[in-house]
>>> print(open('upload03.cif').read())   # mmCIF, C-alpha atoms and all ligand atoms
data_start
loop_
_atom_site.label_atom_id
_atom_site.label_comp_id
_atom_site.auth_asym_id
_atom_site.auth_seq_id
_atom_site.Cartn_x
_atom_site.Cartn_y
_atom_site.Cartn_z
CA MET A 1 -172.23 108.28 58.21
CA SER A 2 -175.16 106.00 58.78
CA ASN A 3 -177.75 108.69 59.29
CA ALA A 4 -179.63 109.42 56.07
CA ILE A 5 -181.01 112.69 57.48
CA ARG A 6 -177.68 114.39 56.84
CA LYS A 7 -176.13 115.02 53.44
CA TYR A 8 -172.36 114.75 53.23
CA LEU A 9 -170.62 118.10 52.90
CA ILE A 10 -167.13 118.48 51.47
CA ALA A 11 -165.84 122.04 51.88
CA GLY A 12 -162.54 123.33 50.54
CA ASN A 13 -160.84 125.93 52.73
CA TRP A 14 -158.41 127.62 50.37
CA LYS A 15 -156.97 129.76 53.19
CA MET A 16 -154.71 132.60 51.91
CA ASN A 17 -154.06 130.89 48.59
CA LYS A 18 -155.06 131.66 44.98
CA THR A 19 -155.38 135.04 43.30
CA ALA A 20 -158.70 135.82 41.66
CA SER A 21 -157.56 134.40 38.32
CA GLU A 22 -155.92 131.31 39.85
CA GLY A 23 -159.16 130.79 41.76
CA VAL A 24 -161.15 130.90 38.54
CA ASP A 25 -158.94 128.19 37.05
CA LEU A 26 -159.39 125.92 40.07
CA ALA A 27 -163.14 126.60 40.31
CA ASN A 28 -163.52 125.88 36.59
CA GLU A 29 -161.89 122.48 36.93
CA ILE A 30 -164.06 121.65 39.92
CA VAL A 31 -167.25 122.74 38.20
CA LEU A 32 -166.40 120.69 35.10
CA SER A 33 -166.53 117.52 37.21
CA LEU A 34 -169.03 118.34 39.92
CA ALA A 35 -171.54 120.82 38.50
CA HIS A 36 -174.34 118.31 38.16
CA GLN A 37 -173.99 116.02 41.11
CA THR A 38 -176.41 116.56 43.97
CA ASP A 39 -175.52 113.57 46.21
CA VAL A 40 -172.99 115.55 48.24
CA SER A 41 -172.87 119.26 49.13
CA ALA A 42 -169.63 120.51 47.55
CA VAL A 43 -168.46 123.94 48.70
CA ILE A 44 -165.38 126.01 47.90
CA CYS A 45 -164.20 128.80 50.23
CA PRO A 46 -161.77 131.06 48.34
CA PRO A 47 -160.21 134.18 49.89
CA PHE A 48 -162.38 137.34 49.79
CA THR A 49 -160.53 138.67 46.75
CA ALA A 50 -161.51 135.63 44.66
CA LEU A 51 -165.13 135.31 45.79
CA GLU A 52 -166.69 137.37 43.05
CA SER A 53 -164.77 135.78 40.20
CA CYS A 54 -165.41 132.28 41.58
CA ALA A 55 -169.12 133.07 42.10
CA LYS A 56 -169.38 133.67 38.36
CA VAL A 57 -167.80 130.30 37.62
CA LEU A 58 -170.14 128.50 40.02
CA GLU A 59 -173.29 130.16 38.72
CA GLY A 60 -175.86 127.57 37.67
CA SER A 61 -173.81 124.69 39.10
CA ASN A 62 -174.35 122.66 42.24
CA VAL A 63 -171.00 123.69 43.67
CA GLN A 64 -171.61 126.27 46.38
CA LEU A 65 -169.59 129.21 47.63
CA GLY A 66 -168.35 129.98 51.13
CA ALA A 67 -166.18 132.63 52.75
CA GLN A 68 -163.46 132.04 55.34
CA ASN A 69 -164.41 134.75 57.82
CA MET A 70 -166.57 137.85 58.27
CA TYR A 71 -167.24 140.69 60.70
CA PRO A 72 -170.48 140.44 62.68
CA LYS A 73 -172.02 143.75 61.58
CA ALA A 74 -173.97 144.60 58.43
CA GLU A 75 -172.00 147.76 57.63
CA GLY A 76 -170.12 150.63 59.21
CA ALA A 77 -166.74 151.99 60.26
CA PHE A 78 -164.81 148.72 60.50
CA THR A 79 -161.83 149.32 58.27
CA GLY A 80 -160.62 146.22 56.49
CA GLU A 81 -163.57 144.03 57.43
CA VAL A 82 -166.22 142.29 55.33
CA SER A 83 -169.87 141.94 56.33
CA PRO A 84 -172.34 139.07 56.02
CA VAL A 85 -174.50 141.25 53.77
CA MET A 86 -171.53 141.69 51.41
CA LEU A 87 -170.94 137.94 51.35
CA ARG A 88 -174.59 137.22 50.58
CA SER A 89 -174.47 139.73 47.74
CA LEU A 90 -171.72 137.59 46.16
CA PHE A 91 -173.91 134.48 46.52
CA CYS A 92 -172.02 132.95 49.40
CA ASN A 93 -174.06 130.30 51.21
CA PHE A 94 -171.51 129.33 53.83
CA VAL A 95 -168.93 131.04 56.02
CA ILE A 96 -166.15 129.39 58.03
CA LEU A 97 -166.03 130.88 61.54
CA GLY A 98 -163.64 130.38 64.42
CA HIS A 99 -161.00 128.53 62.46
CA SER A 100 -158.06 127.68 64.73
CA GLU A 101 -155.79 129.94 62.69
CA ARG A 102 -158.11 132.86 63.48
CA ARG A 103 -158.28 131.86 67.13
CA GLU A 104 -154.51 131.63 67.34
CA TYR A 105 -153.18 134.45 65.11
CA PHE A 106 -156.05 136.91 65.45
CA LYS A 107 -156.97 136.10 69.04
CA GLU A 108 -160.62 135.44 68.28
CA SER A 109 -162.54 134.53 71.41
CA ASP A 110 -165.56 132.27 71.74
CA ALA A 111 -167.67 135.36 72.53
CA PHE A 112 -166.58 137.14 69.33
CA ILE A 113 -167.08 133.99 67.29
CA ASN A 114 -170.55 133.69 68.82
CA GLU A 115 -171.43 137.19 67.54
CA LYS A 116 -170.31 136.08 64.10
CA VAL A 117 -172.36 132.86 64.18
CA LYS A 118 -175.47 134.85 65.09
CA ALA A 119 -174.83 137.51 62.44
CA ALA A 120 -174.25 134.83 59.80
CA LEU A 121 -177.55 133.12 60.61
CA GLU A 122 -179.38 136.45 60.50
CA SER A 123 -178.06 136.93 56.97
CA SER A 124 -178.97 133.37 55.93
CA LEU A 125 -175.34 132.31 55.74
CA LYS A 126 -174.65 128.82 57.04
CA PRO A 127 -171.85 129.07 59.61
CA ILE A 128 -169.18 126.37 59.63
CA LEU A 129 -168.12 126.71 63.25
CA CYS A 130 -164.65 125.23 63.84
CA VAL A 131 -163.67 123.67 67.13
CA GLY A 132 -160.65 121.63 68.13
CA GLU A 133 -158.00 121.02 70.73
CA THR A 134 -154.27 121.70 70.60
CA LEU A 135 -151.74 118.92 71.10
CA GLU A 136 -151.07 120.16 74.64
CA GLU A 137 -154.75 120.03 75.46
CA ARG A 138 -155.10 116.52 74.06
CA GLU A 139 -152.07 115.32 76.01
CA ALA A 140 -153.52 116.83 79.17
CA ASP A 141 -156.76 114.91 78.51
CA LYS A 142 -158.68 118.12 78.03
CA THR A 143 -160.04 117.50 74.53
CA LEU A 144 -163.70 117.12 75.42
CA GLU A 145 -163.61 119.95 77.91
CA VAL A 146 -162.12 122.32 75.32
CA ILE A 147 -164.65 121.30 72.69
CA LYS A 148 -167.56 121.76 75.09
CA THR A 149 -166.37 125.25 76.01
CA GLN A 150 -165.95 126.20 72.35
CA LEU A 151 -169.41 124.85 71.49
CA SER A 152 -171.28 126.40 74.39
CA GLY A 153 -169.47 129.72 73.84
CA GLY A 154 -169.81 129.76 70.07
CA LEU A 155 -173.46 128.71 70.09
CA ALA A 156 -174.68 130.75 73.08
CA GLY A 157 -178.06 132.40 72.67
CA ILE A 158 -178.97 130.77 69.37
CA ASP A 159 -182.62 129.80 69.15
CA VAL A 160 -183.24 126.15 68.59
CA GLU A 161 -185.43 126.85 65.54
CA ASN A 162 -182.51 128.63 63.82
CA ALA A 163 -179.87 126.04 64.60
CA GLU A 164 -180.24 123.40 61.89
CA PRO A 165 -178.26 125.19 59.16
CA ILE A 166 -175.22 125.36 61.44
CA VAL A 167 -172.32 123.11 60.50
CA ILE A 168 -169.63 122.15 63.01
CA ALA A 169 -166.10 121.31 61.92
CA TYR A 170 -163.98 119.32 64.34
CA GLU A 171 -160.38 120.18 63.54
CA PRO A 172 -157.76 118.96 65.98
CA VAL A 173 -155.20 121.75 65.78
CA TRP A 174 -152.31 119.27 65.77
CA ALA A 175 -153.69 117.66 62.61
CA ILE A 176 -154.07 120.83 60.53
CA GLY A 177 -151.54 121.05 57.74
CA THR A 178 -149.24 118.64 59.53
CA GLY A 179 -150.01 115.43 57.67
CA LYS A 180 -151.09 113.92 61.00
CA THR A 181 -154.70 112.81 60.96
CA ALA A 182 -156.79 111.73 63.90
CA THR A 183 -157.55 108.04 63.52
CA PRO A 184 -161.16 107.42 62.48
CA GLU A 185 -161.85 106.10 65.99
CA MET A 186 -160.36 109.18 67.67
CA ALA A 187 -162.34 111.46 65.41
CA GLN A 188 -165.57 109.51 65.89
CA GLU A 189 -165.22 109.70 69.65
CA VAL A 190 -165.06 113.49 69.52
CA HIS A 191 -167.78 113.77 66.87
CA ALA A 192 -170.13 111.68 69.02
CA ALA A 193 -169.35 113.92 72.00
CA ILE A 194 -170.05 116.98 69.87
CA ARG A 195 -173.43 115.59 68.81
CA LYS A 196 -174.27 114.85 72.42
CA GLU A 197 -173.37 118.39 73.37
CA LEU A 198 -175.48 119.76 70.50
CA ALA A 199 -178.42 117.73 71.83
CA SER A 200 -177.98 119.31 75.22
CA ILE A 201 -177.57 122.85 73.81
CA PHE A 202 -180.49 122.49 71.35
CA ASN A 203 -182.34 119.16 71.30
CA GLU A 204 -181.84 115.68 69.90
CA SER A 205 -183.65 116.25 66.66
CA VAL A 206 -181.62 119.35 65.85
CA ALA A 207 -178.42 117.54 66.84
CA ASP A 208 -179.36 114.75 64.41
CA HIS A 209 -179.66 117.28 61.58
CA ILE A 210 -176.49 119.29 62.20
CA ARG A 211 -173.57 118.18 60.05
CA ILE A 212 -170.26 117.64 61.79
CA LEU A 213 -167.23 117.74 59.49
CA TYR A 214 -163.77 116.43 60.22
CA GLY A 215 -160.81 118.61 59.28
CA GLY A 216 -157.06 118.15 59.57
CA SER A 217 -154.96 116.59 56.82
CA MET A 218 -157.97 114.89 55.26
CA LYS A 219 -157.13 113.64 51.77
CA PRO A 220 -158.30 110.98 49.32
CA GLU A 221 -156.03 108.38 50.98
CA ASN A 222 -157.66 108.65 54.41
CA ALA A 223 -161.12 110.03 53.67
CA SER A 224 -163.03 106.80 53.18
CA GLU A 225 -162.46 105.43 56.65
CA LEU A 226 -163.17 108.79 58.26
CA LEU A 227 -166.41 109.19 56.32
CA ASP A 228 -167.48 105.68 57.35
CA GLN A 229 -167.78 106.82 60.95
CA PRO A 230 -171.39 107.31 62.03
CA ASP A 231 -170.97 110.90 63.20
CA ILE A 232 -168.62 112.18 60.49
CA ASP A 233 -170.71 113.97 57.89
CA GLY A 234 -168.01 115.32 55.62
CA GLY A 235 -164.75 117.20 55.65
CA LEU A 236 -163.26 120.67 55.84
CA ILE A 237 -160.30 120.33 53.54
CA GLY A 238 -157.26 122.61 53.42
CA GLY A 239 -154.22 121.40 51.46
CA ALA A 240 -156.09 118.78 49.43
CA ALA A 241 -158.65 121.40 48.30
CA LEU A 242 -156.01 123.40 46.43
CA LYS A 243 -155.80 120.83 43.64
CA ALA A 244 -158.92 120.10 41.63
CA LYS A 245 -158.03 116.41 41.35
CA SER A 246 -157.89 115.68 45.08
CA PHE A 247 -160.91 117.85 45.91
CA ILE A 248 -162.99 116.13 43.23
CA GLU A 249 -161.79 112.74 44.45
CA LEU A 250 -162.89 113.58 47.98
CA VAL A 251 -166.38 114.47 46.77
CA GLU A 252 -166.47 111.23 44.74
CA ILE A 253 -165.44 109.17 47.78
CA ALA A 254 -168.33 110.71 49.74
CA ARG A 255 -170.74 110.11 46.83
CA GLN A 256 -169.90 106.42 46.77
CA LYS A 257 -171.21 106.15 50.32
CA VAL A 258 -174.59 107.70 49.59
P1 LIG B 301 -155.55 120.79 56.15
O1 LIG B 301 -156.40 122.06 56.69
O2 LIG B 301 -156.53 119.92 55.39
O3 LIG B 301 -154.51 121.40 55.25
O4 LIG B 301 -155.00 120.10 57.32
C1 LIG B 301 -157.70 121.91 57.17
C2 LIG B 301 -158.22 123.24 57.69
O5 LIG B 301 -157.44 123.98 58.33
O6 LIG B 301 -159.40 123.58 57.50
#
>>> encode(input="upload03.cif", output="structure tokens", more="lines below")
Ligand code: PGA
Amino acid sequence: MSNAIRKYLIAGNWKMNKTASEGVDLANEIVLSLAHQTDVSAVICPPFTALESCAKVLEGSNVQLGAQNMYPKAEGAFTGEVSPVMLRSLFCNFVILGHSERREYFKESDAFINEKVKAALESSLKPILCVGETLEEREADKTLEVIKTQLSGGLAGIDVENAEPIVIAYEPVWAIGTGKTATPEMAQEVHAAIRKELASIFNESVADHIRILYGGSMKPENASELLDQPDIDGGLIGGAALKAKSFIELVEIARQKV
């Protein structure tokens, strides 16, 4: 990342892993190493059931808390769902939205994800909006088309003055949890296209401020080259965020570039 306007962000997506007490152990290890650094935004996103216990561990540290999903209403008869207001009350700052696993297994549409992005912003939660193509779509040369549709759908109707806190995560579906990573050049090409699209949806200045993370088998061994790309502003980390050592290493790799 060559643009000093944007601060690197390394976010750990724990997915459906870690009980509340296992989460506390992992969060404790992370806080021990990263509590005081401010060079890089470090965020952990435990499952709902571990948010409260992890929030207590993070209190007073510079490691921030995020959720992995939410329902786009403040309260009401939505059995089994969790609201943005509830997340804020547990000191969440971020929320992952539109992850490919939610799009695939829970059939989330761009329109529904858009409602969530708006509701998150209204509650002062920073949405991490995930976009990415499947292997089939890449092979059919549809990557940029798919990303544009996901961006214009997910970001529809958002006022330009509210857009800067949004974070985009580019996660090629074929690279998630597979050990296959996009090459830095492949990722940069899509990140640059995303920034261009953000400039056309909002404006150039907002696009310059929005952080675009790469996600998909990112780990200490491949992070440095990815983070060197001018439009890659951090990572959304799955597998490598479940061990304190590799998550901390990823934050340290980003710090060395600041
Ligand atoms: P991975 O997951 O790092 O395990 O590939 C990334 C994600 O799904 O956010």
>>> residues_around(input="upload03.cif", residues="segment 204-214 of chain A", least_positions_apart="3", cutoff="9 Å", atoms="all atoms listed in the file", output="NGL selection string")
:A and (3 or 5-11 or 128 or 160-161 or 163-172 or 187 or 191 or 194-201 or 218 or 226-227 or 231-237)
>>> residues_around(input="upload03.cif", residues="Leu121 of chain A", least_positions_apart="3", cutoff="12 Å", atoms="only C-alpha atoms", output="list in words")
Pro72, Pro84, Val85, Arg88, Asn93, Phe94, Val95, Leu97, Asn114, Glu115, Lys116, Val117, Lys118, Ser124, Leu125, Lys126, Pro127, Ile128, Leu129, Leu155, Ile158, Asp159, Glu161, Asn162, Ala163, Glu164, Pro165, Ile166 and Val167 of chain A
>>> axis_aligned_box(input="upload03.cif", around="segment 143-158 of chain A", padding_each_side="4 Å", output="lines of an AutoDock Vina configuration file")
center_x = -169.5
center_y = 124.8
center_z = 73.6
size_x = 26.9
size_y = 23.3
size_z = 16.5
>>> closest_atom_pairs(input="upload03.cif", of="chain A", to="ligand LIG 301 (chain B)", cutoff="10 Å", atoms="only C-alpha atoms and all ligand atoms", output="tab-separated table")
residue	atom	partner	partner_atom	distance
A:Ala11	CA	B:LIG301	O6	8.7
A:Gly12	CA	B:LIG301	O6	7.6
A:Asn13	CA	B:LIG301	O6	5.5
A:Trp14	CA	B:LIG301	O6	8.3
A:Lys15	CA	B:LIG301	O5	7.7
A:Gln68	CA	B:LIG301	O6	9.6
A:Ile96	CA	B:LIG301	O6	8.9
A:His99	CA	B:LIG301	O5	7.1
A:Ser100	CA	B:LIG301	O5	7.4
A:Glu101	CA	B:LIG301	O5	7.6
A:Cys130	CA	B:LIG301	O6	8.4
A:Ala169	CA	B:LIG301	O6	8.3
A:Tyr170	CA	B:LIG301	O6	9.3
A:Glu171	CA	B:LIG301	C2	6.9
A:Pro172	CA	B:LIG301	O5	9.2
A:Val173	CA	B:LIG301	O5	8.1
A:Trp174	CA	B:LIG301	O4	8.9
A:Ala175	CA	B:LIG301	O4	6.0
A:Ile176	CA	B:LIG301	O4	3.4
A:Gly177	CA	B:LIG301	O4	3.6
A:Thr178	CA	B:LIG301	O4	6.3
A:Gly179	CA	B:LIG301	O4	6.8
A:Lys180	CA	B:LIG301	O4	8.2
A:Thr181	CA	B:LIG301	O4	8.2
A:Leu213	CA	B:LIG301	O6	10.0
A:Tyr214	CA	B:LIG301	C1	8.7
A:Gly215	CA	B:LIG301	C1	5.0
A:Gly216	CA	B:LIG301	O4	3.6
A:Ser217	CA	B:LIG301	O4	3.5
A:Met218	CA	B:LIG301	O2	5.2
A:Lys219	CA	B:LIG301	O2	7.3
A:Gly235	CA	B:LIG301	O6	8.5
A:Leu236	CA	B:LIG301	O6	5.1
A:Ile237	CA	B:LIG301	O2	4.2
A:Gly238	CA	B:LIG301	O2	3.4
A:Gly239	CA	B:LIG301	O3	3.8
A:Ala240	CA	B:LIG301	O2	6.1
A:Ala241	CA	B:LIG301	O2	7.5
A:Leu242	CA	B:LIG301	O3	9.2
>>> atom_distance(input="upload03.cif", atom1="atom CA of Ala77 of chain A", atom2="atom CA of Ala20 of chain A")
25.9 Å
>>> closest_residue(input="upload03.cif", among="A:Gln188, A:Asn222, A:Asn17, A:Thr79", to="Leu250 of chain A", atoms="only C-alpha atoms")
A:Asn222
>>> atom_distance(input="upload03.cif", atom1="atom CA of Leu90 of chain A", atom2="atom CA of Ala55 of chain A")
6.6 Å
>>> closest_residue(input="upload03.cif", among="A:Gln256, A:Thr149, A:Thr143, A:Ser33", to="Val190 of chain A", atoms="all atoms listed in the file")
A:Thr143
>>> atom_distance(input="upload03.cif", atom1="atom CA of Val131 of chain A", atom2="atom CA of Glu108 of chain A")
12.2 Å
>>> closest_residue(input="upload03.cif", among="A:Arg138, A:Lys243, A:Lys73, A:Lys18", to="Cys54 of chain A", atoms="only C-alpha atoms")
A:Lys18
>>> closest_residue(input="upload03.cif", among="A:Val43, A:Pro220, A:Ser83, A:Gly153", to="Ile113 of chain A", atoms="only C-alpha atoms")
A:Gly153
>>> closest_residue(input="upload03.cif", among="A:Glu122, A:Glu189, A:Asp39, A:Glu104", to="Leu144 of chain A", atoms="all atoms listed in the file")
A:Glu189
>>> decode(input="upload03.cif", residues="segment 210-250 of chain A", atoms="N, CA and C atoms", output="short mmCIF file (atom, residue, chain, number, x, y, z; two decimals), in the first residue's frame")
data_model
loop_
_atom_site.label_atom_id
_atom_site.label_comp_id
_atom_site.auth_asym_id
_atom_site.auth_seq_id
_atom_site.Cartn_x
_atom_site.Cartn_y
_atom_site.Cartn_z
N ILE A 210 -11.30 4.58 1.39
CA ILE A 210 -11.89 3.28 1.75
C ILE A 210 -10.82 2.18 1.69
N ARG A 211 -10.76 1.40 2.76
CA ARG A 211 -9.76 0.32 2.78
C ARG A 211 -10.30 -0.92 2.07
N ILE A 212 -9.46 -1.50 1.26
CA ILE A 212 -9.83 -2.71 0.53
C ILE A 212 -8.90 -3.84 0.99
N LEU A 213 -9.49 -4.83 1.65
CA LEU A 213 -8.71 -5.95 2.20
C LEU A 213 -8.70 -7.09 1.20
N TYR A 214 -7.64 -7.88 1.25
CA TYR A 214 -7.63 -9.13 0.50
C TYR A 214 -7.96 -10.26 1.48
N GLY A 215 -8.72 -11.24 1.03
CA GLY A 215 -8.98 -12.41 1.86
C GLY A 215 -9.00 -13.67 1.01
N GLY A 216 -8.51 -14.75 1.58
CA GLY A 216 -8.46 -16.03 0.87
C GLY A 216 -7.08 -16.64 1.06
N SER A 217 -6.98 -17.50 2.07
CA SER A 217 -5.71 -18.19 2.37
C SER A 217 -4.54 -17.25 2.58
N MET A 218 -4.81 -16.07 3.12
CA MET A 218 -3.70 -15.17 3.45
C MET A 218 -3.06 -15.66 4.75
N LYS A 219 -1.72 -15.69 4.75
CA LYS A 219 -0.99 -16.19 5.92
C LYS A 219 0.37 -15.50 5.95
N PRO A 220 1.11 -15.67 7.04
CA PRO A 220 2.39 -14.96 7.13
C PRO A 220 3.31 -15.21 5.93
N GLU A 221 3.24 -16.39 5.34
CA GLU A 221 4.14 -16.73 4.22
C GLU A 221 3.83 -15.94 2.95
N ASN A 222 2.58 -15.52 2.76
CA ASN A 222 2.29 -14.81 1.50
C ASN A 222 1.83 -13.37 1.71
N ALA A 223 1.77 -12.93 2.96
CA ALA A 223 1.15 -11.63 3.23
C ALA A 223 1.99 -10.45 2.73
N SER A 224 3.30 -10.57 2.85
CA SER A 224 4.13 -9.41 2.57
C SER A 224 3.96 -8.91 1.13
N GLU A 225 4.01 -9.85 0.21
CA GLU A 225 3.88 -9.47 -1.21
C GLU A 225 2.49 -8.92 -1.52
N LEU A 226 1.48 -9.51 -0.88
CA LEU A 226 0.12 -9.01 -1.10
C LEU A 226 0.00 -7.58 -0.57
N LEU A 227 0.53 -7.37 0.63
CA LEU A 227 0.40 -6.04 1.26
C LEU A 227 1.24 -4.98 0.55
N ASP A 228 2.21 -5.41 -0.24
CA ASP A 228 3.02 -4.46 -1.02
C ASP A 228 2.25 -3.85 -2.18
N GLN A 229 1.15 -4.46 -2.55
CA GLN A 229 0.39 -3.95 -3.70
C GLN A 229 -0.27 -2.62 -3.34
N PRO A 230 -0.29 -1.69 -4.29
CA PRO A 230 -0.75 -0.34 -3.95
C PRO A 230 -2.20 -0.25 -3.48
N ASP A 231 -3.05 -1.17 -3.91
CA ASP A 231 -4.46 -1.07 -3.52
C ASP A 231 -4.88 -2.12 -2.50
N ILE A 232 -3.92 -2.83 -1.93
CA ILE A 232 -4.26 -3.81 -0.88
C ILE A 232 -3.93 -3.20 0.48
N ASP A 233 -4.98 -2.99 1.26
CA ASP A 233 -4.85 -2.22 2.50
C ASP A 233 -4.96 -3.08 3.74
N GLY A 234 -4.81 -4.39 3.57
CA GLY A 234 -4.90 -5.27 4.73
C GLY A 234 -5.47 -6.61 4.33
N GLY A 235 -5.89 -7.36 5.34
CA GLY A 235 -6.38 -8.71 5.05
C GLY A 235 -7.55 -9.09 5.93
N LEU A 236 -8.43 -9.91 5.36
CA LEU A 236 -9.47 -10.58 6.15
C LEU A 236 -9.03 -12.04 6.24
N ILE A 237 -8.71 -12.46 7.45
CA ILE A 237 -7.97 -13.69 7.64
C ILE A 237 -8.86 -14.74 8.30
N GLY A 238 -8.99 -15.89 7.70
CA GLY A 238 -9.76 -16.97 8.30
C GLY A 238 -8.86 -17.91 9.09
N GLY A 239 -8.43 -18.98 8.44
CA GLY A 239 -7.62 -20.02 9.10
C GLY A 239 -6.46 -19.49 9.93
N ALA A 240 -5.71 -18.56 9.37
CA ALA A 240 -4.50 -18.07 10.06
C ALA A 240 -4.83 -17.13 11.23
N ALA A 241 -6.13 -16.82 11.41
CA ALA A 241 -6.52 -15.96 12.55
C ALA A 241 -6.91 -16.80 13.76
N LEU A 242 -6.91 -18.12 13.60
CA LEU A 242 -7.32 -18.99 14.71
C LEU A 242 -6.15 -19.36 15.62
N LYS A 243 -4.96 -18.95 15.22
CA LYS A 243 -3.77 -19.17 16.06
C LYS A 243 -3.19 -17.79 16.36
N ALA A 244 -2.95 -17.52 17.62
CA ALA A 244 -2.44 -16.20 17.99
C ALA A 244 -1.15 -15.89 17.23
N LYS A 245 -0.27 -16.90 17.13
CA LYS A 245 1.05 -16.66 16.54
C LYS A 245 0.93 -16.13 15.11
N SER A 246 0.13 -16.79 14.27
CA SER A 246 0.07 -16.34 12.87
C SER A 246 -0.69 -15.03 12.75
N PHE A 247 -1.72 -14.81 13.57
CA PHE A 247 -2.43 -13.54 13.49
C PHE A 247 -1.51 -12.39 13.88
N ILE A 248 -0.77 -12.58 14.97
CA ILE A 248 0.15 -11.54 15.44
C ILE A 248 1.22 -11.28 14.37
N GLU A 249 1.72 -12.37 13.79
CA GLU A 249 2.74 -12.20 12.73
C GLU A 249 2.21 -11.38 11.56
N LEU A 250 0.95 -11.62 11.20
CA LEU A 250 0.35 -10.87 10.08
C LEU A 250 0.29 -9.38 10.42
#
